[in-house]
Amino acid sequence: MNNLYKQKILELYQDQTDRGTLENPSFLQSYTNPLCGDSISITCSCDGDYIKKIRFIANGCVLSQAAAAFIATYSQKKSIKELYFIDENFMQQQLSLALGPTRLRCIMLPVECLFQGFEKLQKDTHAAVRKNC
């Protein structure tokens, strides 16, 4: 079997546990890789800096969907600060892959989407605080 589609990747790809959306999320973030068309949407419910639940909808290759499933499961019940260390090396280790730059974008798509959601949440929180002052 090709290294890209090891059993772990296929199991994550097929995992339906965290697929879908949340009602009344703290944020909804979508991101698309313009080079290949892979896309992901993440809804996340937070309690302050603490992630309660994450759900995702992913369309694209097996790698981007498997990475999205991993990120959703891994991020549950962690603080946002705990997740900012996630980088390309971490993702490759967790998914047992060694990828070139093109395929690396596939596994980083959900990470980038999640981080954009965190930034959006932070901006929205700051705007709400300024409005109430």
# chains A, B, ... in the order shown; residues from 1 in each chain; ligands from 1

$ select_by_dssp --residues "region 37-130 of chain A" --states "alpha helix (DSSP H)" --output "count of residues only"
55

$ residues_around --residues "Phe70 (chain A)" --least-positions-apart "3" --cutoff "12 Å" --atoms "only C-alpha atoms" --output "ChimeraX atom specification"
/A:8-19,54-56,63-67,73-76,86,90-95,107-111

$ atom_distance --atom1 "CA of Cys44 (chain A)" --atom2 "CA of Asn59 (chain A)"
18.1 Å

$ closest_residue --among "A:Pro34, A:Gln7, A:Ile51, A:Ser45" --to "Leu22 (chain A)" --atoms "only C-alpha atoms"
A:Ser45

$ atom_distance --atom1 "CA of Leu99 (chain A)" --atom2 "CA of Glu119 (chain A)"
27.3 Å

$ closest_residue --among "A:Ile80, A:Leu104, A:Ala72, A:Cys61" --to "Gly37 (chain A)" --atoms "only C-alpha atoms"
A:Cys61

$ closest_residue --among "A:Gly100, A:Cys106, A:Phe115, A:Gly60" --to "Ser39 (chain A)" --atoms "only C-alpha atoms"
A:Gly60

$ closest_residue --among "A:Leu83, A:Ser30, A:Ile71, A:Ala58" --to "Cys113 (chain A)" --atoms "only C-alpha atoms"
A:Ser30

$ atom_distance --atom1 "CA of Lys81 (chain A)" --atom2 "CA of Ala98 (chain A)"
26.1 Å

$ select_by_dssp --residues "region 4-128 of chain A" --states "strand (DSSP E)" --output "VMD selection string"
chain A and resid 27 to 32 39 to 47 50 to 59

$ decode --residues "region 87-133 of chain A" --atoms "N, CA and C atoms" --output "tab-separated table (two decimals), in the first residue's frame"
chain	number	residue	atom	x	y	z
A	87	ASP	N	2.64	22.27	14.12
A	87	ASP	CA	3.30	22.70	12.89
A	87	ASP	C	3.42	21.51	11.95
A	88	GLU	N	4.12	21.70	10.84
A	88	GLU	CA	4.26	20.66	9.83
A	88	GLU	C	4.91	19.39	10.39
A	89	ASN	N	5.95	19.56	11.20
A	89	ASN	CA	6.63	18.40	11.77
A	89	ASN	C	5.71	17.60	12.69
A	90	PHE	N	4.96	18.30	13.53
A	90	PHE	CA	4.03	17.63	14.44
A	90	PHE	C	2.99	16.84	13.66
A	91	MET	N	2.41	17.46	12.63
A	91	MET	CA	1.38	16.79	11.85
A	91	MET	C	1.95	15.56	11.14
A	92	GLN	N	3.13	15.66	10.57
A	92	GLN	CA	3.72	14.51	9.90
A	92	GLN	C	4.00	13.38	10.89
A	93	GLN	N	4.46	13.73	12.08
A	93	GLN	CA	4.71	12.70	13.10
A	93	GLN	C	3.42	12.03	13.53
A	94	GLN	N	2.39	12.82	13.79
A	94	GLN	CA	1.13	12.26	14.27
A	94	GLN	C	0.45	11.38	13.23
A	95	LEU	N	0.63	11.74	11.96
A	95	LEU	CA	0.01	10.97	10.89
A	95	LEU	C	0.95	9.93	10.29
A	96	SER	N	2.16	9.84	10.84
A	96	SER	CA	3.17	8.87	10.39
A	96	SER	C	3.47	9.02	8.90
A	97	LEU	N	3.71	10.26	8.50
A	97	LEU	CA	3.97	10.57	7.10
A	97	LEU	C	5.24	11.40	6.94
A	98	ALA	N	5.85	11.30	5.80
A	98	ALA	CA	6.92	12.19	5.37
A	98	ALA	C	6.50	12.70	4.00
A	99	LEU	N	6.18	13.99	3.93
A	99	LEU	CA	5.59	14.54	2.72
A	99	LEU	C	6.43	15.64	2.11
A	100	GLY	N	6.28	15.80	0.80
A	100	GLY	CA	6.88	16.92	0.10
A	100	GLY	C	6.00	18.14	0.26
A	101	PRO	N	6.44	19.28	-0.25
A	101	PRO	CA	5.72	20.54	-0.03
A	101	PRO	C	4.28	20.55	-0.56
A	102	THR	N	4.03	19.90	-1.67
A	102	THR	CA	2.68	19.92	-2.24
A	102	THR	C	1.70	19.17	-1.35
A	103	ARG	N	2.03	17.99	-0.92
A	103	ARG	CA	1.14	17.18	-0.07
A	103	ARG	C	1.12	17.69	1.37
A	104	LEU	N	2.17	18.39	1.78
A	104	LEU	CA	2.21	18.97	3.11
A	104	LEU	C	1.10	19.99	3.29
A	105	ARG	N	0.79	20.71	2.22
A	105	ARG	CA	-0.31	21.68	2.27
A	105	ARG	C	-1.63	20.98	2.60
A	106	CYS	N	-1.79	19.74	2.15
A	106	CYS	CA	-3.02	19.00	2.42
A	106	CYS	C	-3.24	18.77	3.91
A	107	ILE	N	-2.19	18.38	4.61
A	107	ILE	CA	-2.36	18.09	6.04
A	107	ILE	C	-2.34	19.35	6.90
A	108	MET	N	-1.86	20.45	6.34
A	108	MET	CA	-1.84	21.70	7.10
A	108	MET	C	-3.10	22.53	6.89
A	109	LEU	N	-3.91	22.18	5.91
A	109	LEU	CA	-5.14	22.93	5.64
A	109	LEU	C	-6.04	23.06	6.87
A	110	PRO	N	-6.35	21.97	7.59
A	110	PRO	CA	-7.20	22.13	8.77
A	110	PRO	C	-6.52	22.91	9.90
A	111	VAL	N	-5.21	22.81	10.00
A	111	VAL	CA	-4.48	23.56	11.04
A	111	VAL	C	-4.59	25.06	10.74
A	112	GLU	N	-4.36	25.43	9.50
A	112	GLU	CA	-4.46	26.83	9.10
A	112	GLU	C	-5.88	27.35	9.32
A	113	CYS	N	-6.86	26.54	8.99
A	113	CYS	CA	-8.26	26.91	9.19
A	113	CYS	C	-8.55	27.14	10.67
A	114	LEU	N	-8.10	26.23	11.51
A	114	LEU	CA	-8.31	26.34	12.95
A	114	LEU	C	-7.65	27.60	13.49
A	115	PHE	N	-6.41	27.86	13.11
A	115	PHE	CA	-5.70	29.04	13.58
A	115	PHE	C	-6.39	30.33	13.12
A	116	GLN	N	-6.92	30.34	11.89
A	116	GLN	CA	-7.67	31.51	11.42
A	116	GLN	C	-8.93	31.71	12.26
A	117	GLY	N	-9.56	30.60	12.65
A	117	GLY	CA	-10.73	30.68	13.52
A	117	GLY	C	-10.38	31.26	14.87
A	118	PHE	N	-9.24	30.85	15.42
A	118	PHE	CA	-8.79	31.40	16.71
A	118	PHE	C	-8.57	32.91	16.60
A	119	GLU	N	-7.94	33.33	15.49
A	119	GLU	CA	-7.69	34.77	15.29
A	119	GLU	C	-9.00	35.53	15.17
A	120	LYS	N	-9.95	34.97	14.46
A	120	LYS	CA	-11.27	35.59	14.31
A	120	LYS	C	-11.95	35.70	15.67
A	121	LEU	N	-11.89	34.64	16.46
A	121	LEU	CA	-12.49	34.64	17.79
A	121	LEU	C	-11.87	35.72	18.67
A	122	GLN	N	-10.56	35.84	18.61
A	122	GLN	CA	-9.85	36.84	19.41
A	122	GLN	C	-10.27	38.25	18.99
A	123	LYS	N	-10.37	38.51	17.68
A	123	LYS	CA	-10.79	39.83	17.20
A	123	LYS	C	-12.22	40.12	17.62
A	124	ASP	N	-13.11	39.12	17.49
A	124	ASP	CA	-14.50	39.32	17.88
A	124	ASP	C	-14.62	39.58	19.37
A	125	THR	N	-13.83	38.89	20.18
A	125	THR	CA	-13.84	39.09	21.63
A	125	THR	C	-13.36	40.48	21.98
A	126	HIS	N	-12.28	40.94	21.36
A	126	HIS	CA	-11.75	42.27	21.62
A	126	HIS	C	-12.75	43.34	21.19
A	127	ALA	N	-13.42	43.14	20.06
A	127	ALA	CA	-14.40	44.10	19.58
A	127	ALA	C	-15.58	44.19	20.54
A	128	ALA	N	-16.03	43.06	21.08
A	128	ALA	CA	-17.14	43.05	22.03
A	128	ALA	C	-16.76	43.76	23.32
A	129	VAL	N	-15.53	43.57	23.77
A	129	VAL	CA	-15.07	44.24	24.99
A	129	VAL	C	-15.02	45.75	24.78
A	130	ARG	N	-14.48	46.18	23.62
A	130	ARG	CA	-14.41	47.63	23.32
A	130	ARG	C	-15.81	48.23	23.22
A	131	LYS	N	-16.74	47.49	22.64
A	131	LYS	CA	-18.11	47.98	22.48
A	131	LYS	C	-18.78	48.18	23.83
A	132	ASN	N	-18.48	47.30	24.79
A	132	ASN	CA	-19.12	47.38	26.11
A	132	ASN	C	-18.44	48.36	27.05
A	133	CYS	N	-17.32	48.91	26.64
A	133	CYS	CA	-16.61	49.87	27.51
A	133	CYS	C	-17.21	51.25	27.41
